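Q: If it helps, the file is called upload.cif and holds mmCIF, C-alpha atoms:
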data_data
loop_
_atom_site.label_atom_id
_atom_site.label_comp_id
_atom_site.auth_asym_id
_atom_site.auth_seq_id
_atom_site.Cartn_x
_atom_site.Cartn_y
_atom_site.Cartn_z
CA MET A 12 80.52 114.14 5.30
CA SER A 13 80.60 117.89 5.27
CA GLU A 14 80.24 119.95 8.38
CA ALA A 15 77.37 121.85 6.81
CA LEU A 16 75.04 118.83 6.84
CA VAL A 17 74.82 118.77 10.62
CA PRO A 18 73.98 121.97 12.46
CA LEU A 19 76.27 121.90 15.41
CA PRO A 20 76.02 124.08 18.48
CA ARG A 21 77.29 127.57 18.11
CA PHE A 22 80.38 127.00 20.10
CA GLU A 23 83.19 129.35 20.19
CA GLU A 24 85.62 127.34 18.17
CA TRP A 25 85.85 124.26 16.07
CA ASN A 26 89.04 123.10 17.61
CA GLU A 27 91.38 120.45 16.44
CA ILE A 28 91.43 117.55 18.82
CA LYS A 29 94.38 118.02 21.04
CA GLY A 30 96.39 115.29 22.60
CA GLN A 31 96.19 115.38 26.35
CA SER A 32 92.61 116.38 27.03
CA GLN A 33 89.77 114.04 27.89
CA ASN A 34 88.23 112.52 24.78
CA TYR A 35 84.56 111.69 25.02
CA ALA A 36 84.67 109.74 21.73
CA LEU A 37 81.00 108.99 22.02
CA MET A 38 80.13 109.18 18.37
CA LYS A 39 82.61 106.88 16.73
CA ASP A 40 79.85 105.18 14.79
CA TYR A 41 79.05 108.50 13.18
CA GLY A 42 82.63 109.55 12.89
CA ILE A 43 82.21 112.32 15.41
CA SER A 44 84.07 112.85 18.60
CA VAL A 45 83.19 115.19 21.43
CA GLU A 46 86.02 116.49 23.45
CA LYS A 47 86.35 118.94 26.28
CA ILE A 48 89.42 121.13 26.20
CA GLY A 49 89.48 123.35 29.23
CA ASP A 50 86.10 125.04 29.32
CA GLU A 51 85.43 124.57 25.64
CA PHE A 52 83.81 121.71 23.79
CA SER A 53 85.08 120.44 20.50
CA PHE A 54 82.95 118.45 18.07
CA GLN A 55 84.85 117.01 15.19
CA PHE A 56 83.98 114.86 12.21
CA VAL A 57 86.48 112.21 11.29
CA GLY A 58 85.44 110.76 7.96
CA ALA A 59 81.80 110.36 8.90
CA GLU A 60 79.42 108.86 6.37
CA LEU A 61 76.21 110.52 5.29
CA ILE A 62 73.76 110.43 8.16
CA ASP A 63 69.98 110.04 8.04
CA ASP A 64 67.35 111.71 10.24
CA GLU A 65 67.60 109.06 12.91
CA LYS A 66 71.33 109.38 13.19
CA TRP A 67 71.05 113.13 13.13
CA LEU A 68 68.63 112.97 16.07
CA ALA A 69 71.00 110.63 17.88
CA LEU A 70 73.83 113.04 17.28
CA ARG A 71 71.90 115.99 18.61
CA LEU A 72 70.77 114.05 21.68
CA LEU A 73 74.34 113.09 22.32
CA VAL A 74 75.51 116.66 22.05
CA SER A 75 72.71 117.89 24.30
CA ALA A 76 73.39 115.14 26.84
CA THR A 77 77.06 116.05 26.84
CA LEU A 78 76.35 119.72 27.35
CA LEU A 79 73.77 119.12 30.07
CA HIS A 80 76.01 116.63 31.81
CA GLU A 81 78.80 119.16 31.81
CA SER A 82 76.70 122.07 33.01
CA VAL A 83 74.19 120.56 35.44
CA VAL A 84 74.69 118.91 38.81
CA VAL A 85 72.15 116.99 40.83
CA ASP A 86 73.57 116.26 44.23
CA PRO A 87 71.53 115.59 47.35
CA ASP A 88 74.03 117.67 49.32
CA ILE A 89 73.60 120.77 47.17
CA ARG A 90 70.23 122.49 47.52
CA GLY A 91 68.76 119.15 48.58
CA GLY A 92 69.14 117.70 45.08
CA VAL A 93 67.52 120.55 43.18
CA PRO A 94 69.39 120.74 39.84
CA VAL A 95 72.04 123.44 39.99
CA LEU A 96 74.51 124.96 37.58
CA ARG A 97 77.76 123.03 37.85
CA GLY A 98 80.18 124.57 40.32
CA THR A 99 77.53 126.71 41.98
CA ARG A 100 74.66 126.62 44.46
CA ILE A 101 72.37 128.35 41.96
CA SER A 102 69.39 126.36 40.76
CA LEU A 103 68.58 126.04 37.08
CA SER A 104 65.04 127.18 37.85
CA GLN A 105 66.46 130.42 39.23
CA ILE A 106 68.41 131.02 36.02
CA LEU A 107 65.44 130.25 33.79
CA ILE A 108 62.96 132.39 35.70
CA GLU A 109 65.31 135.37 35.71
CA ILE A 110 65.94 135.00 31.98
CA SER A 111 62.19 134.70 31.39
CA ASP A 112 61.89 137.95 33.29
CA GLY A 113 64.24 139.79 30.97
CA GLU A 114 67.64 139.11 32.47
CA THR A 115 70.45 138.33 30.02
CA VAL A 116 72.91 135.51 30.38
CA GLY A 117 75.72 138.02 30.72
CA GLY A 118 73.72 140.09 33.17
CA PHE A 119 72.91 137.08 35.33
CA ALA A 120 76.53 135.93 35.31
CA ASP A 121 77.72 139.39 36.22
CA GLU A 122 75.13 139.82 38.96
CA TYR A 123 76.08 136.54 40.63
CA ASP A 124 79.80 136.66 39.75
CA ILE A 125 79.83 133.40 37.84
CA ASP A 126 81.19 132.36 34.45
CA ASP A 127 78.58 132.77 31.73
CA LYS A 128 79.99 129.85 29.71
CA MET A 129 78.35 127.28 31.94
CA ILE A 130 74.97 128.99 31.61
CA LYS A 131 75.37 129.02 27.83
CA HIS A 132 76.25 125.33 27.83
CA PHE A 133 73.14 124.58 29.86
CA LEU A 134 70.83 126.64 27.67
CA GLU A 135 72.34 125.31 24.48
CA GLY A 136 72.07 121.72 25.69
CA LEU A 137 68.45 122.27 26.72
CA SER A 138 67.67 123.93 23.41
CA ILE A 139 69.12 121.05 21.40
CA HIS A 140 67.33 118.53 23.58
CA LEU A 141 63.97 120.20 22.91
CA ASP A 142 64.54 120.61 19.19
CA ARG A 143 62.70 117.46 18.12
CA SER A 144 59.26 115.99 17.95
CA PHE A 145 57.92 114.65 21.24
CA ALA A 146 54.71 113.45 19.55
CA LYS A 147 56.14 110.37 17.88
CA MET B 12 77.29 146.61 62.68
CA THR B 13 76.04 143.12 61.83
CA THR B 14 77.60 141.28 58.90
CA PHE B 15 75.33 138.89 57.03
CA GLN B 16 76.79 136.09 54.90
CA LEU B 17 75.12 135.70 51.51
CA ASP B 18 74.67 132.19 50.16
CA GLN B 19 75.58 131.87 46.49
CA ASN B 20 71.92 131.70 45.46
CA VAL B 21 71.35 135.23 46.79
CA ASN B 22 74.83 136.49 45.99
CA ARG B 23 73.56 139.36 43.89
CA LYS B 24 75.86 142.29 43.32
CA THR B 25 72.88 144.62 43.44
CA LEU B 26 71.85 143.34 46.84
CA ALA B 27 75.32 143.75 48.34
CA ARG B 28 75.70 147.23 46.87
CA ARG B 29 72.33 148.35 48.17
CA CYS B 30 73.16 147.07 51.64
CA PHE B 31 76.49 148.85 51.48
CA ALA B 32 74.84 152.09 50.40
CA GLU B 33 72.30 151.81 53.19
CA GLY B 34 75.12 151.61 55.71
CA ARG B 35 73.27 149.72 58.41
CA ALA B 36 74.74 146.25 57.89
CA VAL B 37 77.26 144.46 55.73
CA ALA B 38 76.19 141.84 53.20
CA LYS B 39 79.27 139.66 52.78
CA ARG B 40 79.30 138.16 49.32
CA PHE B 41 79.94 134.47 48.62
CA PRO B 42 83.74 134.05 48.87
CA VAL B 43 85.76 133.13 45.81
CA GLU B 44 87.38 130.20 47.62
CA TRP B 45 83.94 128.60 48.02
CA LYS B 46 83.51 128.63 44.26
CA MET B 47 86.43 126.31 43.57
CA TYR B 48 84.50 123.08 43.74
CA ASP B 49 83.67 121.24 40.53
CA LYS B 50 80.12 120.32 41.50
CA GLY B 51 79.46 123.24 43.79
CA PHE B 52 79.96 124.03 47.47
CA LYS B 53 77.89 121.46 49.30
CA ASP B 54 75.57 122.18 52.20
CA PRO B 55 77.63 119.99 54.57
CA GLN B 56 80.71 122.01 53.59
CA LEU B 57 79.05 125.41 53.85
CA LEU B 58 77.11 125.02 57.06
CA PRO B 59 79.90 124.00 59.45
CA ILE B 60 81.96 127.00 58.32
CA VAL B 61 79.21 129.60 58.45
CA MET B 62 77.56 128.23 61.56
CA ALA B 63 80.86 128.30 63.45
CA GLY B 64 81.19 132.01 62.73
CA ASN B 65 79.19 135.04 63.75
CA ARG B 66 77.48 135.99 60.50
CA PRO B 67 73.84 135.04 59.97
CA LEU B 68 73.46 133.14 56.70
CA VAL B 69 71.06 134.59 54.13
CA THR B 70 69.84 132.05 51.58
CA ASN B 71 66.87 131.19 49.39
CA ASP B 72 67.26 127.48 50.09
CA ARG B 73 64.16 126.91 52.16
CA ARG B 74 65.09 123.34 53.08
CA ILE B 75 68.62 123.96 54.26
CA ALA B 76 67.77 124.13 57.97
CA SER B 77 65.34 121.23 57.97
CA ASP B 78 67.56 118.98 55.85
CA TYR B 79 70.72 119.70 57.84
CA ALA B 80 69.46 120.37 61.35
CA ASP B 81 71.71 117.55 62.51
CA ILE B 82 74.87 119.41 61.51
CA ILE B 83 73.76 122.89 62.56
CA PRO B 84 74.81 123.52 66.15
CA THR B 85 72.20 124.66 68.63
CA ALA B 86 74.29 127.78 69.14
CA ASN B 87 74.63 129.37 65.73
CA PRO B 88 74.69 132.85 64.19
CA GLY B 89 71.26 132.39 62.64
CA ILE B 90 69.80 131.54 59.26
CA ILE B 91 67.54 133.84 57.26
CA ILE B 92 65.66 132.20 54.42
CA VAL B 93 64.16 134.42 51.76
CA GLY B 94 61.32 132.93 49.78
CA TYR B 95 57.72 132.59 48.90
CA PRO B 96 55.05 130.81 50.89
CA LEU B 97 54.24 127.24 49.92
CA GLY B 98 51.71 127.24 47.13
CA HIS B 99 53.43 129.95 45.14
CA ILE B 100 54.13 128.46 41.73
CA CYS B 101 57.10 130.29 40.22
CA PRO B 102 60.58 130.54 41.70
CA LEU B 103 61.77 133.95 42.80
CA ARG B 104 61.92 136.28 39.84
CA ARG B 105 64.57 138.82 38.97
CA GLY B 106 65.03 141.29 41.78
CA GLU B 107 62.41 139.68 44.00
CA ILE B 108 64.98 138.56 46.56
CA GLU B 109 65.85 142.22 47.12
CA LYS B 110 62.21 143.25 47.20
CA ILE B 111 61.28 140.68 49.84
CA ILE B 112 64.25 141.67 51.97
CA TRP B 113 63.59 145.40 51.63
CA ASP B 114 59.90 145.06 52.30
CA PHE B 115 60.73 143.09 55.41
CA LYS B 116 63.28 145.64 56.56
CA SER B 117 60.82 148.49 56.16
CA ARG B 118 58.24 146.54 58.14
CA PHE B 119 60.75 145.56 60.81
CA PRO B 120 62.98 148.62 61.15
CA ILE B 121 64.96 147.21 64.08
CA TRP B 122 66.27 144.35 61.91
CA ASP B 123 69.84 145.59 62.30
CA SER B 124 69.76 145.89 66.07
CA VAL B 125 68.19 142.56 66.99
CA THR B 126 70.27 139.41 67.32
CA TRP B 127 69.49 136.59 64.93
CA SER B 128 71.57 134.07 66.87
CA ASN B 129 70.11 130.59 67.19
CA SER B 130 67.07 131.49 65.10
CA VAL B 131 66.02 130.18 61.71
CA VAL B 132 63.79 132.83 60.18
CA GLU B 133 61.96 132.36 56.91
CA ILE B 134 60.84 135.63 55.37
CA THR B 135 58.07 135.67 52.78
CA PRO B 136 55.79 138.43 51.51
CA GLU B 137 52.93 136.99 53.60
CA TRP B 138 54.46 135.84 56.83
CA VAL B 139 57.61 135.27 58.84
CA GLU B 140 58.34 131.92 60.39
CA VAL B 141 60.69 131.58 63.34
CA SER B 142 62.28 128.30 64.35
CA HIS B 143 65.28 127.18 66.32
CA ILE B 144 67.48 124.13 66.36
CA ASP B 145 67.73 122.13 69.50
CA LEU B 146 70.24 119.29 69.52
CA GLY B 147 69.88 118.54 65.84
CA ILE B 148 66.14 119.00 65.56
CA LEU B 149 64.43 121.97 63.94
CA ASN B 150 61.62 123.25 66.13
CA LEU B 151 59.00 125.69 64.88
CA ASP B 152 58.43 128.61 67.25
CA GLU B 153 55.72 130.44 65.33
CA ARG B 154 54.53 131.46 61.92
CA ILE B 155 53.62 135.13 62.18
CA ASP B 156 51.37 136.95 59.73
CA TYR B 157 51.97 140.62 59.15
CA SER B 158 49.07 141.63 61.36
CA ASP B 159 48.96 143.87 64.41
CA GLY B 160 51.73 143.12 66.87
CA TRP B 161 53.67 140.85 64.55
CA ALA B 162 56.94 142.76 64.94
CA GLU B 163 56.79 142.46 68.75
CA LYS B 164 56.15 138.73 68.43
CA LEU B 165 59.11 138.32 66.10
CA GLU B 166 61.38 140.37 68.34
CA ASN B 167 60.30 138.34 71.33
CA HIS B 168 61.06 135.02 69.62
CA LEU B 169 64.46 136.28 68.48
CA LYS B 170 65.28 137.35 72.05
CA ILE B 171 64.18 134.04 73.50
CA ASN B 172 66.24 132.06 71.00
CA ALA B 173 69.29 134.27 71.44
CA ASN B 174 69.11 133.90 75.21
CA LYS B 175 68.54 130.18 75.31
CA ARG B 176 70.74 128.30 77.70
CA LEU B 177 73.00 126.44 75.38
CA PRO B 178 74.55 123.07 76.06
#
Translate the structure of the given file into structure tokens.
A:
Amino acid sequence: MSEALVPLPRFEEWNEIKGQSQNYALMKDYGISVEKIGDEFSFQFVGAELIDDEKWLALRLLVSATLLHESVVVDPDIRGGVPVLRGTRISLSQILIEISDGETVGGFADEYDIDDKMIKHFLEGLSIHLDRSFAK
Amino acid sequence: MTTFQLDQNVNRKTLARRCFAEGRAVAKRFPVEWKMYDKGFKDPQLLPIVMAGNRPLVTNDRRIASDYADIIPTANPGIIIVGYPLGHICPLRRGEIEKIIWDFKSRFPIWDSVTWSNSVVEITPEWVEVSHIDLGILNLDERIDYSDGWAEKLENHLKINANKRLP
């Protein structure tokens, strides 16, 4: 299985899995592990076999779910349960409407003094989640 | 000079800078130590701290006072909610928080000399709504359209709430 057959998220690095960090190991069937090392995600193939469309979709849904889980919080005690960016009191709707209005991710992060990585994780996860047919 | 505490959802650098440049009040930005929580600083963590102080809280969370009236003391520094009226479809767009605040301030030029204590004031482009909390219950005082005499009505409600005999 070559890396080129599966378009993975444009994350900063394709890290080696490192010992002590939390291993998501959600994709053993496909020979792929997802691991969070600090603020970064690592997706690594470990002898995966050739995957078909269905498995590819499953992989992308897994990656999107991982990213969204890591970047989004729904808690009844934060904004009354309105989805917020993890670690903040800023709703996802606020981020999306400002970006739709011309704000950049970096500009938003700078304006609100937050780390832009979490916003990128959210947008990337959402993008992957939507990149499939909803008509079938 | 009154210091207002910005909630993280209105914690815009531009807003704080503009307030600073105006020189009539201080907009205290969301403190770094409140950003250390994995999920986010929860309402039941934020409110006891801010409501025990003397800075009115500025937020765009329109449900914060109604959802947590039971933990907001009757005597409090005040809550100012910036938002749109019900029925408006989109969330606040880029820069609209500032615009709503500045429009309000130009309409109500004594904003920096009144006391916001014990009042929950929702500011929208169409009306201002004043409420107060009485023993854990949010009570609506009045929704005031921007028509003749509205500023006097608002000032009067703020005075009444600030001067309430507190338990």
Q: Provide the CA of Val37 in chain B to CA of Pro67 in chain B distance in Å, to one decimal place.
A: 10.9 Å
Q: Just how far from CA of Asp78 in chain B is CA of Trp138 in chain B, in Å to one decimal?
A: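 Separation between CA of Trp138 in chain B and CA of Asp78 in chain B: 21.4 Å.
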Q: Please indicate the distance in Å from CA of Glu122 in chain A to CA of Leu68 in chain B, rounded to one decimal place.
A: 19.0 Å
Q: Check which residues of chain A sit at most 12 Å from chain B using all atoms listed in the file, and return one row each with the closest pair of atoms and their distance in Å to one decimal, ordered by chain and rising number, as CSV.
A:
residue,atom,partner,partner_atom,distance
A:His80,CA,B:Lys50,CA,11.2
A:Glu81,CA,B:Lys50,CA,9.8
A:Ser82,CA,B:Lys50,CA,9.3
A:Val83,CA,B:Lys50,CA,8.5
A:Val84,CA,B:Lys50,CA,6.2
A:Val85,CA,B:Lys50,CA,8.7
A:Asp86,CA,B:Lys50,CA,8.2
A:Pro87,CA,B:Lys53,CA,8.9
A:Asp88,CA,B:Lys53,CA,5.4
A:Ile89,CA,B:Lys53,CA,4.8
A:Arg90,CA,B:Asp72,CA,6.4
A:Gly91,CA,B:Arg74,CA,7.2
A:Gly92,CA,B:Lys53,CA,10.4
A:Val93,CA,B:Asp72,CA,9.8
A:Pro94,CA,B:Lys50,CA,10.9
A:Val95,CA,B:Gly51,CA,8.3
A:Leu96,CA,B:Gly51,CA,8.1
A:Arg97,CA,B:Lys50,CA,5.1
A:Gly98,CA,B:Gly51,CA,3.8
A:Thr99,CA,B:Gly51,CA,4.4
A:Arg100,CA,B:Gln19,CA,5.7
A:Ile101,CA,B:Asn20,CA,4.9
A:Ser102,CA,B:Asn20,CA,7.6
A:Leu103,CA,B:Pro102,CA,10.3
A:Ser104,CA,B:Pro102,CA,6.8
A:Gln105,CA,B:Pro102,CA,6.4
A:Ile106,CA,B:Arg105,CA,9.2
A:Leu107,CA,B:Arg104,CA,9.2
A:Ile108,CA,B:Arg104,CA,5.8
A:Glu109,CA,B:Arg105,CA,4.8
A:Ile110,CA,B:Arg105,CA,8.1
A:Ser111,CA,B:Arg104,CA,8.6
A:Asp112,CA,B:Arg105,CA,6.3
A:Gly113,CA,B:Arg105,CA,8.1
A:Glu114,CA,B:Arg105,CA,7.2
A:Thr115,CA,B:Arg105,CA,10.7
A:Gly118,CA,B:Lys24,CA,10.6
A:Phe119,CA,B:Arg23,CA,8.9
A:Ala120,CA,B:Arg23,CA,9.7
A:Asp121,CA,B:Lys24,CA,7.9
A:Glu122,CA,B:Lys24,CA,5.1
A:Tyr123,CA,B:Arg23,CA,5.0
A:Asp124,CA,B:Lys24,CA,7.7
A:Ile125,CA,B:Lys46,CA,8.8
A:Asp126,CA,B:Lys46,CA,10.7
A:Met129,CA,B:Asp49,CA,11.8
Q: Write a file of the selected residues as a PDB file, in the frame of the given file, keeping C-alpha atoms.
A:
ATOM      1  CA  HIS A  80      76.010 116.630  31.810  1.00  0.00           C
ATOM      2  CA  GLU A  81      78.800 119.160  31.810  1.00  0.00           C
ATOM      3  CA  SER A  82      76.700 122.070  33.010  1.00  0.00           C
ATOM      4  CA  VAL A  83      74.190 120.560  35.440  1.00  0.00           C
ATOM      5  CA  VAL A  84      74.690 118.910  38.810  1.00  0.00           C
ATOM      6  CA  VAL A  85      72.150 116.990  40.830  1.00  0.00           C
ATOM      7  CA  ASP A  86      73.570 116.260  44.230  1.00  0.00           C
ATOM      8  CA  PRO A  87      71.530 115.590  47.350  1.00  0.00           C
ATOM      9  CA  ASP A  88      74.030 117.670  49.320  1.00  0.00           C
ATOM     10  CA  ILE A  89      73.600 120.770  47.170  1.00  0.00           C
ATOM     11  CA  ARG A  90      70.230 122.490  47.520  1.00  0.00           C
ATOM     12  CA  GLY A  91      68.760 119.150  48.580  1.00  0.00           C
ATOM     13  CA  GLY A  92      69.140 117.700  45.080  1.00  0.00           C
ATOM     14  CA  VAL A  93      67.520 120.550  43.180  1.00  0.00           C
ATOM     15  CA  PRO A  94      69.390 120.740  39.840  1.00  0.00           C
ATOM     16  CA  VAL A  95      72.040 123.440  39.990  1.00  0.00           C
ATOM     17  CA  LEU A  96      74.510 124.960  37.580  1.00  0.00           C
ATOM     18  CA  ARG A  97      77.760 123.030  37.850  1.00  0.00           C
ATOM     19  CA  GLY A  98      80.180 124.570  40.320  1.00  0.00           C
ATOM     20  CA  THR A  99      77.530 126.710  41.980  1.00  0.00           C
ATOM     21  CA  ARG A 100      74.660 126.620  44.460  1.00  0.00           C
ATOM     22  CA  ILE A 101      72.370 128.350  41.960  1.00  0.00           C
ATOM     23  CA  SER A 102      69.390 126.360  40.760  1.00  0.00           C
ATOM     24  CA  LEU A 103      68.580 126.040  37.080  1.00  0.00           C
ATOM     25  CA  SER A 104      65.040 127.180  37.850  1.00  0.00           C
ATOM     26  CA  GLN A 105      66.460 130.420  39.230  1.00  0.00           C
ATOM     27  CA  ILE A 106      68.410 131.020  36.020  1.00  0.00           C
ATOM     28  CA  LEU A 107      65.440 130.250  33.790  1.00  0.00           C
ATOM     29  CA  ILE A 108      62.960 132.390  35.700  1.00  0.00           C
ATOM     30  CA  GLU A 109      65.310 135.370  35.710  1.00  0.00           C
ATOM     31  CA  ILE A 110      65.940 135.000  31.980  1.00  0.00           C
ATOM     32  CA  SER A 111      62.190 134.700  31.390  1.00  0.00           C
ATOM     33  CA  ASP A 112      61.890 137.950  33.290  1.00  0.00           C
ATOM     34  CA  GLY A 113      64.240 139.790  30.970  1.00  0.00           C
ATOM     35  CA  GLU A 114      67.640 139.110  32.470  1.00  0.00           C
ATOM     36  CA  THR A 115      70.450 138.330  30.020  1.00  0.00           C
ATOM     37  CA  GLY A 118      73.720 140.090  33.170  1.00  0.00           C
ATOM     38  CA  PHE A 119      72.910 137.080  35.330  1.00  0.00           C
ATOM     39  CA  ALA A 120      76.530 135.930  35.310  1.00  0.00           C
ATOM     40  CA  ASP A 121      77.720 139.390  36.220  1.00  0.00           C
ATOM     41  CA  GLU A 122      75.130 139.820  38.960  1.00  0.00           C
ATOM     42  CA  TYR A 123      76.080 136.540  40.630  1.00  0.00           C
ATOM     43  CA  ASP A 124      79.800 136.660  39.750  1.00  0.00           C
ATOM     44  CA  ILE A 125      79.830 133.400  37.840  1.00  0.00           C
ATOM     45  CA  ASP A 126      81.190 132.360  34.450  1.00  0.00           C
ATOM     46  CA  MET A 129      78.350 127.280  31.940  1.00  0.00           C
TER      47      MET A 129
END
Q: Would you translate the PyMOL selection byres ((chain B and resi 161) around 12) into the concrete set of residues it matches in this file, as a PDB file with C-alpha atoms, keeping the file's coordinate frame?
A:
ATOM      1  CA  PHE B 115      60.730 143.090  55.410  1.00  0.00           C
ATOM      2  CA  ARG B 118      58.240 146.540  58.140  1.00  0.00           C
ATOM      3  CA  PHE B 119      60.750 145.560  60.810  1.00  0.00           C
ATOM      4  CA  GLU B 137      52.930 136.990  53.600  1.00  0.00           C
ATOM      5  CA  TRP B 138      54.460 135.840  56.830  1.00  0.00           C
ATOM      6  CA  VAL B 139      57.610 135.270  58.840  1.00  0.00           C
ATOM      7  CA  GLU B 140      58.340 131.920  60.390  1.00  0.00           C
ATOM      8  CA  VAL B 141      60.690 131.580  63.340  1.00  0.00           C
ATOM      9  CA  GLU B 153      55.720 130.440  65.330  1.00  0.00           C
ATOM     10  CA  ARG B 154      54.530 131.460  61.920  1.00  0.00           C
ATOM     11  CA  ILE B 155      53.620 135.130  62.180  1.00  0.00           C
ATOM     12  CA  ASP B 156      51.370 136.950  59.730  1.00  0.00           C
ATOM     13  CA  TYR B 157      51.970 140.620  59.150  1.00  0.00           C
ATOM     14  CA  SER B 158      49.070 141.630  61.360  1.00  0.00           C
ATOM     15  CA  ASP B 159      48.960 143.870  64.410  1.00  0.00           C
ATOM     16  CA  GLY B 160      51.730 143.120  66.870  1.00  0.00           C
ATOM     17  CA  ALA B 162      56.940 142.760  64.940  1.00  0.00           C
ATOM     18  CA  GLU B 163      56.790 142.460  68.750  1.00  0.00           C
ATOM     19  CA  LYS B 164      56.150 138.730  68.430  1.00  0.00           C
ATOM     20  CA  LEU B 165      59.110 138.320  66.100  1.00  0.00           C
ATOM     21  CA  GLU B 166      61.380 140.370  68.340  1.00  0.00           C
ATOM     22  CA  ASN B 167      60.300 138.340  71.330  1.00  0.00           C
ATOM     23  CA  HIS B 168      61.060 135.020  69.620  1.00  0.00           C
TER      24      HIS B 168
END
Q: Using all atoms listed in the file and a cutoff of 12 Å, can you tell me which residues are near (69.4, 127.4, 25.8) in the file's coordinates, and write them out as number ranges by chain?
A: A: 20-21, 75, 78-79, 82, 103, 106-107, 110-111, 115-116, 128-142
Q: I need the residues from that last selection saved to file as an mmCIF file, keeping the file's coordinate frame (with C-alpha atoms), if you can.
A:
data_model
loop_
_atom_site.group_PDB
_atom_site.id
_atom_site.type_symbol
_atom_site.label_atom_id
_atom_site.label_comp_id
_atom_site.auth_asym_id
_atom_site.auth_seq_id
_atom_site.Cartn_x
_atom_site.Cartn_y
_atom_site.Cartn_z
ATOM 1 C CA PRO A 20 76.020 124.080 18.480
ATOM 2 C CA ARG A 21 77.290 127.570 18.110
ATOM 3 C CA SER A 75 72.710 117.890 24.300
ATOM 4 C CA LEU A 78 76.350 119.720 27.350
ATOM 5 C CA LEU A 79 73.770 119.120 30.070
ATOM 6 C CA SER A 82 76.700 122.070 33.010
ATOM 7 C CA LEU A 103 68.580 126.040 37.080
ATOM 8 C CA ILE A 106 68.410 131.020 36.020
ATOM 9 C CA LEU A 107 65.440 130.250 33.790
ATOM 10 C CA ILE A 110 65.940 135.000 31.980
ATOM 11 C CA SER A 111 62.190 134.700 31.390
ATOM 12 C CA THR A 115 70.450 138.330 30.020
ATOM 13 C CA VAL A 116 72.910 135.510 30.380
ATOM 14 C CA LYS A 128 79.990 129.850 29.710
ATOM 15 C CA MET A 129 78.350 127.280 31.940
ATOM 16 C CA ILE A 130 74.970 128.990 31.610
ATOM 17 C CA LYS A 131 75.370 129.020 27.830
ATOM 18 C CA HIS A 132 76.250 125.330 27.830
ATOM 19 C CA PHE A 133 73.140 124.580 29.860
ATOM 20 C CA LEU A 134 70.830 126.640 27.670
ATOM 21 C CA GLU A 135 72.340 125.310 24.480
ATOM 22 C CA GLY A 136 72.070 121.720 25.690
ATOM 23 C CA LEU A 137 68.450 122.270 26.720
ATOM 24 C CA SER A 138 67.670 123.930 23.410
ATOM 25 C CA ILE A 139 69.120 121.050 21.400
ATOM 26 C CA HIS A 140 67.330 118.530 23.580
ATOM 27 C CA LEU A 141 63.970 120.200 22.910
ATOM 28 C CA ASP A 142 64.540 120.610 19.190
#
